[in-house]
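The structure file start-v2.txt is reproduced below (compact mmCIF, C-alpha atoms).
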# COMPACT_ATOMS: atom_id res chain seq x y z
CA MET A 146 4.35 21.13 18.12
CA HIS A 147 1.76 19.42 15.98
CA LEU A 148 1.04 19.81 12.31
CA SER A 149 -1.81 22.22 12.83
CA ASP A 150 0.49 24.61 14.72
CA ASP A 151 2.48 25.38 11.62
CA ASP A 152 -0.29 26.51 9.34
CA THR A 153 -3.45 28.27 10.24
CA VAL A 154 -4.52 27.45 13.76
CA GLN A 155 -7.85 25.69 13.60
CA SER A 156 -10.53 26.28 16.13
CA PRO A 157 -12.09 23.22 17.78
CA THR A 158 -15.28 23.83 15.80
CA THR A 159 -13.39 23.77 12.48
CA GLU A 160 -11.49 20.63 13.49
CA GLY A 161 -14.72 19.06 14.67
CA ASP A 162 -16.40 19.96 11.40
CA ARG A 163 -13.56 18.42 9.46
CA ASN A 164 -13.82 15.21 11.47
CA ALA A 165 -17.58 15.12 10.93
CA GLU A 166 -17.07 15.65 7.20
CA PHE A 167 -14.46 12.91 7.08
CA THR A 168 -16.73 10.53 8.99
CA LYS A 169 -19.49 11.22 6.47
CA PHE A 170 -17.04 10.65 3.63
CA MET A 171 -15.93 7.38 5.20
CA ARG A 172 -19.52 6.17 5.67
CA LYS A 173 -20.19 6.86 2.03
CA TYR A 174 -17.25 4.87 0.70
CA GLN A 175 -16.22 2.35 3.36
CA ASP A 176 -18.26 -0.54 1.96
CA MET A 177 -16.90 0.05 -1.54
CA VAL A 178 -13.29 0.19 -0.34
CA TYR A 179 -13.72 -2.82 1.91
CA SER A 180 -15.41 -4.81 -0.87
CA THR A 181 -12.60 -4.08 -3.31
CA ALA A 182 -9.95 -5.12 -0.82
CA ALA A 183 -11.86 -8.17 0.43
CA ARG A 184 -12.63 -9.52 -3.03
CA LEU A 185 -9.13 -8.99 -4.32
CA SER A 186 -7.32 -10.29 -1.26
CA GLY A 187 -9.76 -13.09 -0.41
CA ASN A 188 -9.08 -12.37 3.25
CA ASP A 189 -11.40 -10.30 5.44
CA ALA A 190 -8.86 -9.42 8.13
CA GLN A 191 -6.36 -8.29 5.54
CA ALA A 192 -9.08 -6.34 3.74
CA GLU A 193 -9.88 -4.47 6.92
CA ASP A 194 -6.23 -3.47 7.36
CA ILE A 195 -6.07 -2.34 3.74
CA ALA A 196 -9.30 -0.35 4.00
CA GLN A 197 -7.98 1.35 7.14
CA GLU A 198 -4.79 2.29 5.33
CA VAL A 199 -6.79 3.64 2.39
CA PHE A 200 -8.76 5.97 4.66
CA LEU A 201 -5.65 7.06 6.55
CA ARG A 202 -4.20 8.13 3.21
CA ALA A 203 -7.48 9.70 2.17
CA HIS A 204 -7.45 11.75 5.37
CA GLY A 205 -4.09 13.21 4.37
CA ARG A 206 -5.61 14.38 1.07
CA PHE A 207 -9.10 15.05 2.31
CA GLU A 208 -9.14 18.66 1.15
CA GLU A 209 -8.65 17.44 -2.45
CA LEU A 210 -10.99 14.47 -2.15
CA LYS A 211 -13.98 15.67 -0.18
CA ASP A 212 -15.84 17.39 -3.03
CA ASN A 213 -14.11 15.58 -5.85
CA PRO A 214 -16.29 13.42 -8.11
CA ARG A 215 -13.25 11.23 -8.73
CA ALA A 216 -12.85 10.39 -5.05
CA ALA A 217 -14.42 6.95 -5.49
CA GLY A 218 -12.01 6.14 -8.32
CA TRP A 219 -9.06 7.33 -6.27
CA LEU A 220 -10.12 5.21 -3.29
CA LYS A 221 -10.61 2.14 -5.49
CA THR A 222 -7.21 2.60 -7.13
CA VAL A 223 -5.45 2.97 -3.78
CA ALA A 224 -7.33 -0.04 -2.38
CA THR A 225 -6.37 -2.12 -5.42
CA ASN A 226 -2.73 -1.09 -5.32
CA LEU A 227 -2.44 -1.68 -1.58
CA THR A 228 -4.03 -5.11 -1.98
CA PHE A 229 -1.47 -5.98 -4.66
CA THR A 230 1.28 -4.88 -2.30
CA HIS A 231 -0.16 -7.08 0.46
CA LEU A 232 -0.58 -10.05 -1.86
CA THR A 233 2.98 -9.66 -3.04
CA ARG A 234 4.41 -9.13 0.41
CA TYR A 235 2.67 -11.74 2.47
CA ARG A 236 2.11 -14.46 -0.03
CA LYS A 237 4.27 -15.62 -2.88
CA ARG A 238 3.70 -13.75 -6.08
CA TRP A 239 0.55 -15.06 -7.66
CA VAL A 240 2.31 -15.26 -11.02
CA PHE A 241 4.75 -17.75 -9.58
CA PHE A 242 2.02 -20.07 -8.31
CA SER A 243 0.04 -19.55 -11.45
CA GLN A 244 2.94 -20.92 -13.46
CA LEU A 245 3.15 -23.96 -11.22
CA GLN A 246 -0.43 -25.01 -11.94
CA PRO A 247 -0.70 -28.53 -13.37
CA LYS A 248 -1.37 -28.81 -17.08
CA ASP A 249 -4.64 -30.66 -16.58
CA GLU A 250 -6.23 -27.36 -15.54
CA ASP A 251 -5.96 -26.26 -19.13
CA SER A 252 -8.32 -23.77 -20.69
CA ASP A 253 -9.84 -26.30 -23.09
CA ALA A 254 -11.48 -28.14 -20.23
CA PRO A 255 -15.24 -28.50 -20.70
CA GLU A 256 -17.41 -25.79 -19.23
CA HIS A 257 -19.12 -26.66 -16.01
CA GLU A 258 -22.72 -27.77 -16.10
CA PHE A 259 -24.98 -26.20 -13.51
CA PRO A 260 -27.72 -28.36 -12.05
CA ALA A 261 -31.17 -27.65 -13.43
CA ALA A 262 -33.27 -25.37 -11.25
CA ASP A 263 -35.83 -28.01 -10.48
CA SER A 264 -33.14 -30.38 -9.20
CA VAL A 265 -32.43 -28.08 -6.29
CA THR A 266 -34.77 -28.95 -3.49
CA ASP A 267 -34.33 -25.93 -1.25
CA GLU A 268 -34.85 -22.49 -2.61
CA VAL A 269 -31.68 -20.52 -1.99
CA GLN A 270 -32.53 -17.07 -0.83
CA ASP A 271 -30.91 -13.99 -2.32
CA GLU A 272 -28.78 -13.14 0.68
CA GLU A 273 -27.64 -16.71 1.06
CA ARG A 274 -26.78 -16.88 -2.63
CA HIS A 275 -24.74 -13.71 -2.40
CA GLU A 276 -22.84 -15.17 0.51
CA PHE A 277 -22.23 -18.38 -1.47
CA VAL A 278 -20.80 -16.36 -4.33
CA GLU A 279 -18.52 -14.40 -1.99
CA ALA A 280 -17.35 -17.63 -0.36
CA ALA A 281 -16.74 -19.18 -3.78
CA LEU A 282 -14.63 -16.16 -4.74
CA ARG A 283 -12.60 -16.50 -1.56
CA ALA A 284 -12.02 -20.15 -2.38
CA LEU A 285 -10.33 -19.32 -5.69
CA PRO A 286 -6.53 -19.18 -5.75
CA ASP A 287 -5.02 -15.68 -5.95
CA HIS A 288 -3.88 -16.01 -9.56
CA GLN A 289 -7.46 -16.72 -10.66
CA ARG A 290 -9.41 -14.53 -8.25
CA VAL A 291 -7.39 -11.32 -8.78
CA PRO A 292 -7.85 -11.04 -12.58
CA LEU A 293 -11.46 -12.24 -12.32
CA VAL A 294 -12.32 -9.54 -9.78
CA LEU A 295 -10.50 -6.89 -11.79
CA PHE A 296 -12.41 -7.88 -14.92
CA HIS A 297 -15.91 -8.38 -13.59
CA PHE A 298 -16.08 -6.06 -10.58
CA GLU A 299 -13.63 -3.32 -11.49
CA GLU A 300 -14.52 -3.52 -15.20
CA MET A 301 -10.87 -3.41 -16.16
CA PRO A 302 -10.09 -4.53 -19.74
CA TYR A 303 -7.84 -7.55 -20.30
CA GLU A 304 -4.96 -5.40 -21.54
CA GLU A 305 -4.97 -3.25 -18.45
CA ILE A 306 -5.11 -6.29 -16.17
CA ALA A 307 -2.16 -7.82 -18.00
CA SER A 308 -0.23 -4.60 -17.64
CA LYS A 309 -1.11 -4.20 -13.96
CA LEU A 310 -0.24 -7.79 -13.11
CA ARG A 311 2.79 -7.77 -15.42
CA VAL A 312 1.77 -10.93 -17.25
CA SER A 313 0.97 -11.65 -20.86
CA LEU A 314 -2.47 -11.02 -22.34
CA PRO A 315 -3.12 -14.71 -23.19
CA LYS A 316 -2.25 -15.66 -19.64
CA VAL A 317 -4.75 -13.18 -18.22
CA LYS A 318 -7.46 -14.53 -20.50
CA THR A 319 -6.64 -18.11 -19.56
CA ASP A 320 -6.60 -17.33 -15.83
CA ILE A 321 -9.93 -15.53 -16.01
CA HIS A 322 -11.47 -18.35 -18.02
CA ARG A 323 -10.25 -20.92 -15.49
CA ALA A 324 -11.52 -18.72 -12.67
CA ARG A 325 -14.99 -18.60 -14.22
CA GLN A 326 -15.00 -22.38 -14.61
CA ALA A 327 -13.79 -22.89 -11.07
CA LEU A 328 -16.34 -20.44 -9.70
CA ALA A 329 -19.13 -22.09 -11.65
CA GLY A 330 -17.95 -25.46 -10.37
CA ILE A 331 -17.96 -24.34 -6.74
CA LEU A 332 -21.43 -22.81 -7.08
CA ALA A 333 -22.79 -25.86 -8.86
CA ARG A 334 -21.43 -28.13 -6.14
CA ARG A 335 -23.32 -26.02 -3.63
CA GLY A 336 -26.51 -26.66 -5.56
CA ILE A 337 -26.94 -23.22 -7.07
CA SER A 338 -28.47 -23.48 -10.50
CA ALA A 339 -27.81 -21.25 -13.49
CA THR A 340 -31.45 -20.16 -13.36
CA GLN A 341 -31.04 -19.08 -9.76
CA LEU A 342 -27.94 -17.10 -10.66
CA GLU A 343 -29.74 -15.44 -13.54
CA SER A 344 -32.77 -14.59 -11.43
CA MET B 250 -19.41 -13.57 -24.73
CA THR B 251 -19.71 -17.28 -23.99
CA PRO B 252 -22.70 -18.44 -21.91
CA LEU B 253 -20.37 -19.11 -18.98
CA GLU B 254 -18.80 -15.68 -19.24
CA SER B 255 -22.13 -13.90 -19.42
CA LEU B 256 -23.53 -15.96 -16.55
CA ILE B 257 -20.56 -15.27 -14.27
CA ASP B 258 -20.54 -11.63 -15.32
CA ALA B 259 -24.23 -11.24 -14.51
CA THR B 260 -23.80 -13.09 -11.23
CA LEU B 261 -20.87 -11.00 -10.05
CA ARG B 262 -22.40 -7.71 -11.11
CA LYS B 263 -25.47 -8.49 -9.05
CA GLN B 264 -23.38 -8.96 -5.93
CA PRO B 265 -24.03 -6.19 -3.42
CA LEU B 266 -21.10 -4.44 -1.77
CA ARG B 267 -19.59 -6.20 1.21
CA ARG B 268 -20.35 -4.35 4.40
CA ALA B 269 -17.36 -2.97 6.26
CA PRO B 270 -16.94 -4.67 9.65
CA PRO B 271 -18.72 -3.13 12.63
CA GLY B 272 -16.49 -0.63 14.40
CA PHE B 273 -14.41 0.00 11.28
CA GLU B 274 -15.18 3.69 11.27
CA ALA B 275 -14.31 4.05 14.95
CA ARG B 276 -11.00 2.25 14.45
CA VAL B 277 -9.98 4.53 11.59
CA LEU B 278 -10.87 7.62 13.63
CA GLN B 279 -8.89 6.24 16.57
CA LEU B 280 -5.86 5.64 14.35
CA LEU B 281 -6.15 9.19 13.00
CA ALA B 282 -6.28 10.55 16.54
CA GLN B 283 -3.18 8.53 17.46
CA GLN B 284 -1.37 9.83 14.38
CA ALA B 285 -2.28 13.40 15.20
CA ALA B 286 -1.05 12.95 18.77
CA ARG B 287 2.43 11.94 17.66
CA PRO B 288 5.03 14.72 17.73
CA TRP B 289 5.82 16.10 14.30
CA TRP B 290 9.38 14.80 14.21
CA LEU B 291 8.08 11.23 14.56
CA GLN B 292 5.85 11.68 11.53
CA GLY B 293 6.90 11.42 7.90
CA PHE B 294 9.07 14.23 6.48
CA ASN B 295 6.18 15.37 4.26
CA ARG B 296 4.10 15.97 7.39
CA TRP B 297 6.73 18.07 9.10
CA PRO B 298 5.88 21.75 9.45
CA LYS B 299 6.96 23.69 6.38
CA SER B 300 9.45 25.72 8.42
CA ALA B 301 11.12 22.55 9.74
CA GLN B 302 11.28 21.07 6.24
CA LEU B 303 12.86 24.22 4.88
CA LEU B 304 15.39 24.38 7.70
CA PHE B 305 16.29 20.71 7.66
CA LEU B 306 18.02 20.48 4.29
CA PRO B 307 20.37 23.48 4.60
CA LEU B 308 21.13 22.43 8.17
CA ALA B 309 21.97 18.88 7.12
CA ILE B 310 24.14 20.06 4.23
CA GLY B 311 25.70 22.87 6.22
CA CYS B 312 26.73 20.55 9.04
CA VAL B 313 29.48 18.88 7.00
CA PRO B 314 31.75 21.90 6.33
CA LEU B 315 30.98 23.18 9.81
CA LEU B 316 32.28 19.95 11.32
CA PHE B 317 35.47 20.18 9.26
CA ARG B 318 36.00 23.77 10.33
CA ALA B 319 35.29 22.94 13.95
CA ALA B 320 37.80 20.09 13.85
CA GLY B 321 40.43 22.40 12.35
CA SER B 322 39.77 25.05 14.99
CA VAL B 323 40.02 22.52 17.83
CA THR B 324 43.34 21.29 16.44
CA ALA B 325 44.72 24.78 16.23
CA LEU B 326 43.51 25.54 19.75
CA LEU B 327 45.06 22.39 21.16
CA GLN B 328 48.35 22.97 19.42
CA SER B 329 48.63 26.40 20.94
CA ALA B 330 47.62 25.00 24.36
CA ARG B 331 50.20 22.23 24.09
CA GLN B 332 52.90 24.80 23.56
CA SER B 333 51.88 26.79 26.62
CA ALA B 334 51.00 24.08 29.19
CA PRO B 335 51.25 20.32 29.82
CA LEU B 336 48.17 18.34 28.70
CA SER B 337 45.60 16.82 31.04
CA SER B 338 43.92 13.53 30.09
CA ALA B 339 40.82 15.36 28.83
CA GLN B 340 42.98 17.66 26.78
CA SER B 341 44.89 14.66 25.49
CA ALA B 342 41.67 12.98 24.35
CA ALA B 343 40.48 16.20 22.78
CA SER B 344 43.87 16.49 21.12
CA THR B 345 43.43 13.05 19.57
CA VAL B 346 40.00 14.02 18.23
CA GLY B 347 41.43 17.27 16.95
CA SER B 348 44.29 15.44 15.25
CA LEU B 349 41.83 13.19 13.54
CA GLY B 350 39.91 16.22 12.35
CA HIS B 351 43.12 17.82 11.16
CA ALA B 352 44.07 14.64 9.32
CA ALA B 353 40.63 14.59 7.68
CA GLN B 354 41.03 18.19 6.65
CA THR B 355 44.52 17.52 5.24
CA LEU B 356 43.17 14.53 3.38
CA GLY B 357 40.34 16.65 2.02
CA ASP B 358 42.80 19.28 0.81
CA LEU B 359 44.95 16.59 -0.79
CA VAL B 360 41.98 15.02 -2.52
CA MET B 361 40.82 18.34 -3.89
CA ARG B 362 44.30 19.17 -5.16
CA GLU B 363 45.44 15.84 -6.58
CA ILE B 364 42.29 14.12 -7.91
CA PRO B 365 40.52 15.38 -11.05
CA SER B 366 37.23 17.06 -10.27
CA VAL B 367 35.29 14.66 -12.53
CA TRP B 368 36.36 11.79 -10.30
CA ILE B 369 35.38 13.70 -7.20
CA TYR B 370 31.93 14.55 -8.52
CA GLY B 371 31.52 11.00 -9.76
CA GLY B 372 32.51 9.68 -6.35
CA VAL B 373 30.12 12.03 -4.59
CA GLY B 374 27.35 10.97 -6.99
CA LEU B 375 28.08 7.31 -6.36
CA ALA B 376 28.12 7.87 -2.62
CA ALA B 377 24.76 9.66 -2.86
CA LEU B 378 23.37 6.80 -4.92
CA LEU B 379 24.59 4.22 -2.44
CA TYR B 380 23.21 6.30 0.39
CA ALA B 381 19.82 6.45 -1.33
CA ALA B 382 19.91 2.68 -1.93
CA LEU B 383 20.79 2.03 1.71
CA PHE B 384 18.06 4.42 2.80
CA GLY B 385 15.57 2.57 0.60
CA LEU B 386 16.63 -0.79 2.00
CA CYS B 387 16.34 0.45 5.57
CA ALA B 388 12.93 1.99 4.84
CA ALA B 389 11.72 -1.28 3.29
CA ALA B 390 13.05 -3.25 6.26
CA PHE B 391 11.41 -0.82 8.68
CA ARG B 392 8.06 -1.02 6.89
CA THR B 393 8.24 -4.80 6.71
CA LEU B 394 9.53 -5.59 10.18
CA VAL B 395 8.25 -2.75 12.33
CA LEU B 396 5.20 -1.13 10.79
CA THR B 397 3.27 -4.26 9.82
CA PRO B 398 3.58 -6.86 12.58
CA GLN B 399 -0.20 -7.43 12.51
CA HIS B 400 0.07 -9.08 9.10
CA ALA B 401 2.68 -11.59 10.14
CA GLN B 402 0.18 -14.44 10.18
CA TYR B 403 -0.09 -14.34 6.40

Go ahead and express the file in the form of structure tokens.
Amino acid sequence: MHLSDDDTVQSPTTEGDRNAEFTKFMRKYQDMVYSTAARLSGNDAQAEDIAQEVFLRAHGRFEELKDNPRAAGWLKTVATNLTFTHLTRYRKRWVFFSQLQPKDEDSDAPEHEFPAADSVTDEVQDEERHEFVEAALRALPDHQRVPLVLFHFEEMPYEEIASKLRVSLPKVKTDIHRARQALAGILARRGISATQLES
Amino acid sequence: MTPLESLIDATLRKQPLRRAPPGFEARVLQLLAQQAARPWWLQGFNRWPKSAQLLFLPLAIGCVPLLFRAAGSVTALLQSARQSAPLSSAQSAASTVGSLGHAAQTLGDLVMREIPSVWIYGGVGLAALLYAALFGLCAAAFRTLVLTPQHAQY
């Protein structure tokens, strides 16, 4: 006996329609879910597993989600929570590593200087620049990347990030500040100017 | 906002969404098909048919007194058989099982008579708590060791 046997028996057309609807739903949101997981985890293979799990869960609640304007929010929340679970399970807790960072990475370090636009010989195309930024994000350590992504991509306030990551508010601010500096440093080393980023 | 903050903020906000890998959709649909093909008793309890869910709990709870009663009945049966005929080896083994059941029943009676009910309920509560903790540990171990071998490289 399968699940469908217990409730109303669905005709193949109805089941087919449901699958088609779910496929459409998945096409609409898969990039968003994958992006959230990939940027938070910093690992594409892991992000794919997480995104799969998100849609498996969404399938179980598809009747509630399919016409719900909050579906995107639900998917993002599940993707974020599952990524935290993965980060916690397969790597050491980012808090732990964060606390082991050497003191010379302190927040009063000078801000990074980007090269001037005219010092960059080759024009970096948009797509290439986007890829550089994604690669730079992946290069950040978990304890910097996670709060940075939550703040800038997920638009989560500092307080909420602190609560979600179970760390103090000053620590979140410090980690995000260091992450910005590190990101700027990586991009500058790759020859991307501030003007190019602003363009 | 500091210049660095606003620059990074503007940069990240301009990032387009990452594209899901090719074949992602097909893989999810394949996993869903595999899930649907599994028999219901191999799926999570919340996916069991409603009738099976409703039957499961009373059956599980009802099994305990039934086992005690069955053990008592077997003991009584064997005692009467012992009086009427010599025991075969199978009967002897059954007798041993029956005796154990009888002993458990006697112990149960003794416990109910001699120990204050608060202690009994407390003990049952503690046992339930320990059972739940053990269940949680086993579930965590199962999820970690069995369900997610593909993540082992991390």

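Taking all atoms listed in the file, the non-local environment of Ile331 (chain A) within 10 Å (same-chain residues fewer than 4 positions away omitted) comprises His257, Phe259, Phe277, Val278, Ala280, Ala281, Leu282, Ala284, Leu285, Arg325, Gln326, Ala327, Arg335, Gly336 and Ile337 of chain A.
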
Distance-based interface of chain B with chain A, 8 Å, counting only C-alpha atoms, as a ChimeraX atom specification: /B:253-254,256-262,264-270,273-274,276-277,280-281,285-289,296-300,400-401,403

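Pairwise distance (CA of Phe391 (chain B), CA of Leu291 (chain B)) equals 13.8 Å.
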
Counting all atoms listed in the file, the option among B:Gly311, B:Gly321, B:Gly372, B:Pro365 closest to Gly347 (chain B):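 Using all atoms listed in the file, the shortest distance to Gly347 (chain B) belongs to B:Gly321.
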
Contacts of Val323 (chain B) within 9 Å, only C-alpha atoms, excl. fewer than 5 positions in-chain, as a list of chain:residue names: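 Everything that qualifies: B:Arg318, B:Gln328, B:Ala343, B:Ser344, B:Val346, B:Gly347, B:Ser348, B:Gly350, B:His351.
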
Two-atom distance - CA of Val317 (chain A), CA of Leu295 (chain A) (Å):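 We find that CA of Val317 (chain A) and CA of Leu295 (chain A) lie 10.7 Å from each other.
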
Atom-to-atom span, CA of Glu166 (chain A) and CA of Phe207 (chain A), Å: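 These atoms are spaced 9.4 Å apart.
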
Mind writing region 373-395 of chain B to a file for me, with N, CA and C atoms, as a CSV table (one decimal), in the first residue's frame?
chain,number,residue,atom,x,y,z
B,373,VAL,N,7.8,4.9,35.8
B,373,VAL,CA,7.3,4.8,34.4
B,373,VAL,C,7.7,6.0,33.6
B,374,GLY,N,7.5,7.2,34.3
B,374,GLY,CA,7.9,8.5,33.6
B,374,GLY,C,9.4,8.5,33.2
B,375,LEU,N,10.2,8.1,34.2
B,375,LEU,CA,11.6,8.0,34.0
B,375,LEU,C,12.0,7.1,32.8
B,376,ALA,N,11.3,5.9,32.9
B,376,ALA,CA,11.6,4.9,31.8
B,376,ALA,C,11.2,5.5,30.5
B,377,ALA,N,10.1,6.2,30.4
B,377,ALA,CA,9.6,6.8,29.2
B,377,ALA,C,10.6,7.8,28.7
B,378,LEU,N,11.1,8.6,29.6
B,378,LEU,CA,12.1,9.7,29.3
B,378,LEU,C,13.4,9.0,28.7
B,379,LEU,N,13.8,8.0,29.4
B,379,LEU,CA,15.0,7.3,29.0
B,379,LEU,C,14.8,6.7,27.6
B,380,TYR,N,13.6,6.1,27.4
B,380,TYR,CA,13.3,5.5,26.1
B,380,TYR,C,13.3,6.6,25.0
B,381,ALA,N,12.7,7.8,25.3
B,381,ALA,CA,12.7,8.9,24.3
B,381,ALA,C,14.1,9.3,24.0
B,382,ALA,N,15.0,9.4,25.1
B,382,ALA,CA,16.4,9.8,24.9
B,382,ALA,C,17.1,8.8,24.0
B,383,LEU,N,16.9,7.5,24.3
B,383,LEU,CA,17.6,6.5,23.5
B,383,LEU,C,17.1,6.5,22.1
B,384,PHE,N,15.8,6.7,21.9
B,384,PHE,CA,15.2,6.8,20.6
B,384,PHE,C,15.8,8.0,19.8
B,385,GLY,N,16.0,9.1,20.5
B,385,GLY,CA,16.6,10.3,19.9
B,385,GLY,C,18.0,10.0,19.5
B,386,LEU,N,18.8,9.4,20.4
B,386,LEU,CA,20.2,9.0,20.1
B,386,LEU,C,20.3,8.1,18.9
B,387,CYS,N,19.4,7.1,18.9
B,387,CYS,CA,19.4,6.1,17.7
B,387,CYS,C,19.0,6.9,16.4
B,388,ALA,N,18.0,7.7,16.5
B,388,ALA,CA,17.6,8.5,15.3
B,388,ALA,C,18.7,9.3,14.8
B,389,ALA,N,19.4,10.0,15.7
B,389,ALA,CA,20.6,10.9,15.3
B,389,ALA,C,21.7,10.0,14.7
B,390,ALA,N,21.9,8.9,15.3
B,390,ALA,CA,23.0,8.0,14.8
B,390,ALA,C,22.6,7.5,13.4
B,391,PHE,N,21.3,7.1,13.3
B,391,PHE,CA,20.8,6.6,12.0
B,391,PHE,C,21.0,7.7,10.9
B,392,ARG,N,20.5,8.9,11.3
B,392,ARG,CA,20.6,10.0,10.3
B,392,ARG,C,22.0,10.3,9.9
B,393,THR,N,22.9,10.3,10.9
B,393,THR,CA,24.3,10.6,10.7
B,393,THR,C,25.0,9.5,9.9
B,394,LEU,N,24.8,8.3,10.3
B,394,LEU,CA,25.6,7.2,9.7
B,394,LEU,C,25.0,6.5,8.5
B,395,VAL,N,23.7,6.5,8.4
B,395,VAL,CA,23.1,5.8,7.4
B,395,VAL,C,22.5,6.7,6.3
